[in-house]
Amino acid sequence: MVNQLSDPRKEAGAKTILEVRHLTKTYGDLTVVKDINFAVPSGSTCAIVGPSGSGKTTLLGLCAGLDQPSEGNVFLDGTDIGALDENGRARERAENIGFVFQSFQLIPTLTALENVMVPMELRGKGGASTATKARELLERVGLGGRLAHYPSQLSGGEQQRTALARAFINQPKILFADEPTGNLDTETGRLVIDNLFALNASFGTTLVIVTHDSELAGRTGRVIRLKAGVIVPDT
């Protein structure tokens, strides 16, 4: 089901942060993912790969509590997020989950610094200390000189690095990234990947990435391959 390299953290008894059991999602007569089972140890890195239409993004949304399964369960740090109401799932996402999207999802009327602060402000934790932390994160991804710039004044790579800083500001237990290099050229994408893994190593966040980028997938500790909504073994 996964690549042939074993995960040393799992072998050492690392805590499971994400567990998916018999996960199925249907839309009418269409089954997008079917009977998916896997577990991800805390602090590990994992890529979900497969051809277009294989169910990768649907699976990521289910794991992150953005969508509800038709059957099965998703446990995040031991909590069955499908059993929570929408407010509970929103609270879980705000407190424990980070997101990076292909389309950056920055707020156009906010500066880079203000965009990075948004997740903490939504939790009622804005102010000087959050601004300082946001500034430090932007400096770490090479944007210390772009704090007051708006998204329209930033390149695609700079916008995605801003999104990375925003994703890590609340020190999430797990970060989900959906095609984080999909809108970037190869050189810019490589810089974003380097920033992503550097931040991940610093914070010890579990990283789950949906990607078509073989270089990005190759840097993770584990690869899960999907085809037509089911996990398939490596060939």
# chains A, B, ... in the order shown; residues from 1 in each chain; ligands from 1
>>> residues_around(residues="Phe99 (chain A)", least_positions_apart="4", cutoff="8 Å", atoms="only C-alpha atoms", output="PyMOL selection string")
chain A and resi 167+175-177
>>> write_last_selection(atoms="N, CA, C and O atoms", output="PDB file, in the first residue's frame")
ATOM      1  N   ALA A 167       0.313  28.999   7.758  1.00  0.00           N
ATOM      2  CA  ALA A 167      -0.064  27.642   8.146  1.00  0.00           C
ATOM      3  C   ALA A 167       0.616  27.197   9.430  1.00  0.00           C
ATOM      4  O   ALA A 167       0.069  26.393  10.185  1.00  0.00           O
ATOM      5  N   LEU A 175      -0.382  19.303   9.354  1.00  0.00           N
ATOM      6  CA  LEU A 175      -0.558  20.255   8.267  1.00  0.00           C
ATOM      7  C   LEU A 175      -0.911  19.488   6.993  1.00  0.00           C
ATOM      8  O   LEU A 175      -0.216  18.545   6.615  1.00  0.00           O
ATOM      9  N   PHE A 176      -1.993  19.909   6.347  1.00  0.00           N
ATOM     10  CA  PHE A 176      -2.416  19.323   5.082  1.00  0.00           C
ATOM     11  C   PHE A 176      -2.080  20.301   3.961  1.00  0.00           C
ATOM     12  O   PHE A 176      -2.459  21.470   4.012  1.00  0.00           O
ATOM     13  N   ALA A 177      -1.394  19.815   2.948  1.00  0.00           N
ATOM     14  CA  ALA A 177      -1.016  20.647   1.806  1.00  0.00           C
ATOM     15  C   ALA A 177      -1.562  20.020   0.526  1.00  0.00           C
ATOM     16  O   ALA A 177      -1.298  18.851   0.241  1.00  0.00           O
TER      17      ALA A 177
END
>>> select_by_dssp(residues="region 61-154 of chain A", states="alpha helix (DSSP H)", output="count of residues only")
38
>>> atom_distance(atom1="CA of Ile209 (chain A)", atom2="CA of Asp185 (chain A)")
18.1 Å
>>> residues_around(residues="Leu196 (chain A)", least_positions_apart="4", cutoff="10 Å", atoms="only C-alpha atoms", output="list in words")
Val100, Val141, Arg161, Leu164, Ala165, Ala167, Phe168, Ala177, Pro180, Arg190, Leu191, Val192, Asn200, Ala201 and Leu207 of chain A
>>> closest_residue(among="A:Met120, A:Asn170, A:Leu66, A:Val230", to="Asp35 (chain A)", atoms="only C-alpha atoms")
A:Val230
>>> closest_atom_pairs(of="region 115-145 of chain A", to="region 93-98 of chain A", cutoff="10 Å", atoms="only C-alpha atoms", output="CSV")
residue,atom,partner,partner_atom,distance
A:Pro119,CA,A:Ala94,CA,7.0
A:Met120,CA,A:Ala94,CA,8.5
A:Leu122,CA,A:Ala94,CA,8.0
A:Arg123,CA,A:Ala94,CA,7.3
>>> write_last_selection(atoms="all heavy atoms", output="compact mmCIF listing (two decimals), in the first residue's frame")
# COMPACT_ATOMS: atom_id res chain seq x y z
N PRO A 119 -4.97 33.29 11.42
CA PRO A 119 -5.40 32.13 12.21
C PRO A 119 -5.39 32.38 13.72
O PRO A 119 -6.28 31.91 14.44
CB PRO A 119 -4.39 31.04 11.83
CG PRO A 119 -3.92 31.43 10.47
CD PRO A 119 -3.87 32.93 10.51
N MET A 120 -4.41 33.13 14.21
CA MET A 120 -4.35 33.42 15.64
C MET A 120 -5.42 34.44 16.03
O MET A 120 -6.03 34.32 17.10
CB MET A 120 -2.96 33.95 16.00
CG MET A 120 -1.85 32.94 15.77
SD MET A 120 -2.03 31.44 16.77
CE MET A 120 -1.58 32.07 18.39
N LEU A 122 -8.32 34.78 14.67
CA LEU A 122 -9.60 34.08 14.69
C LEU A 122 -9.80 33.32 16.00
O LEU A 122 -10.94 33.03 16.39
CB LEU A 122 -9.70 33.12 13.51
CG LEU A 122 -9.85 33.77 12.13
CD1 LEU A 122 -9.81 32.71 11.03
CD2 LEU A 122 -11.14 34.58 12.04
N ARG A 123 -8.72 33.02 16.67
CA ARG A 123 -8.79 32.34 17.97
C ARG A 123 -8.74 33.34 19.12
O ARG A 123 -8.63 32.95 20.28
CB ARG A 123 -7.63 31.34 18.10
CG ARG A 123 -7.68 30.20 17.09
CD ARG A 123 -6.43 29.34 17.14
NE ARG A 123 -6.22 28.75 18.44
CZ ARG A 123 -5.12 28.08 18.79
NH1 ARG A 123 -4.15 27.93 17.91
NH2 ARG A 123 -5.00 27.56 20.00
>>> closest_residue(among="A:His149, A:Arg222, A:His22, A:Lys56", to="Thr109 (chain A)", atoms="only C-alpha atoms")
A:His149
>>> residues_around(residues="Gly144 (chain A)", least_positions_apart="6", cutoff="8 Å", atoms="only C-alpha atoms", output="list of chain:residue names")
A:Arg135, A:Glu136, A:Leu138
>>> residues_around(residues="Tyr150 (chain A)", least_positions_apart="2", cutoff="10 Å", atoms="only C-alpha atoms", output="PyMOL selection string")
chain A and resi 106-115+146-148+152-154+159
>>> select_by_dssp(residues="region 105-212 of chain A", states="strand (DSSP E or B)", output="ChimeraX atom specification")
/A:174-178,206-210
>>> write_last_selection(atoms="C-alpha atoms", output="mmCIF file, in the first residue's frame")
data_model
loop_
_atom_site.group_PDB
_atom_site.id
_atom_site.type_symbol
_atom_site.label_atom_id
_atom_site.label_comp_id
_atom_site.auth_asym_id
_atom_site.auth_seq_id
_atom_site.Cartn_x
_atom_site.Cartn_y
_atom_site.Cartn_z
ATOM 1 C CA ILE A 174 -0.851 18.299 11.494
ATOM 2 C CA LEU A 175 -0.558 20.255 8.267
ATOM 3 C CA PHE A 176 -2.416 19.323 5.082
ATOM 4 C CA ALA A 177 -1.016 20.647 1.806
ATOM 5 C CA ASP A 178 -2.950 20.311 -1.458
ATOM 6 C CA THR A 206 2.951 15.986 10.933
ATOM 7 C CA LEU A 207 2.826 16.716 7.203
ATOM 8 C CA VAL A 208 0.349 15.186 4.723
ATOM 9 C CA ILE A 209 0.740 16.375 1.130
ATOM 10 C CA VAL A 210 -1.347 15.759 -1.979
#
>>> closest_atom_pairs(of="region 68-115 of chain A", to="region 57-64 of chain A", cutoff="7 Å", atoms="only C-alpha atoms", output="Markdown table")
| residue | atom | partner | partner_atom | distance |
| --- | --- | --- | --- | --- |
| A:Gln68 | CA | A:Leu62 | CA | 6.1 |
| A:Pro69 | CA | A:Leu62 | CA | 6.5 |
| A:Val74 | CA | A:Cys63 | CA | 6.1 |
>>> closest_residue(among="A:Ala128, A:Leu143, A:Ala217, A:Val116", to="Ile169 (chain A)", atoms="only C-alpha atoms")
A:Val116
>>> atom_distance(atom1="CA of Asp213 (chain A)", atom2="CA of Ser42 (chain A)")
23.3 Å
>>> closest_residue(among="A:Gly156, A:Gly221, A:Gly142, A:Pro51", to="Asn195 (chain A)", atoms="only C-alpha atoms")
A:Gly142
>>> atom_distance(atom1="CA of Gly43 (chain A)", atom2="CA of Leu199 (chain A)")
12.2 Å
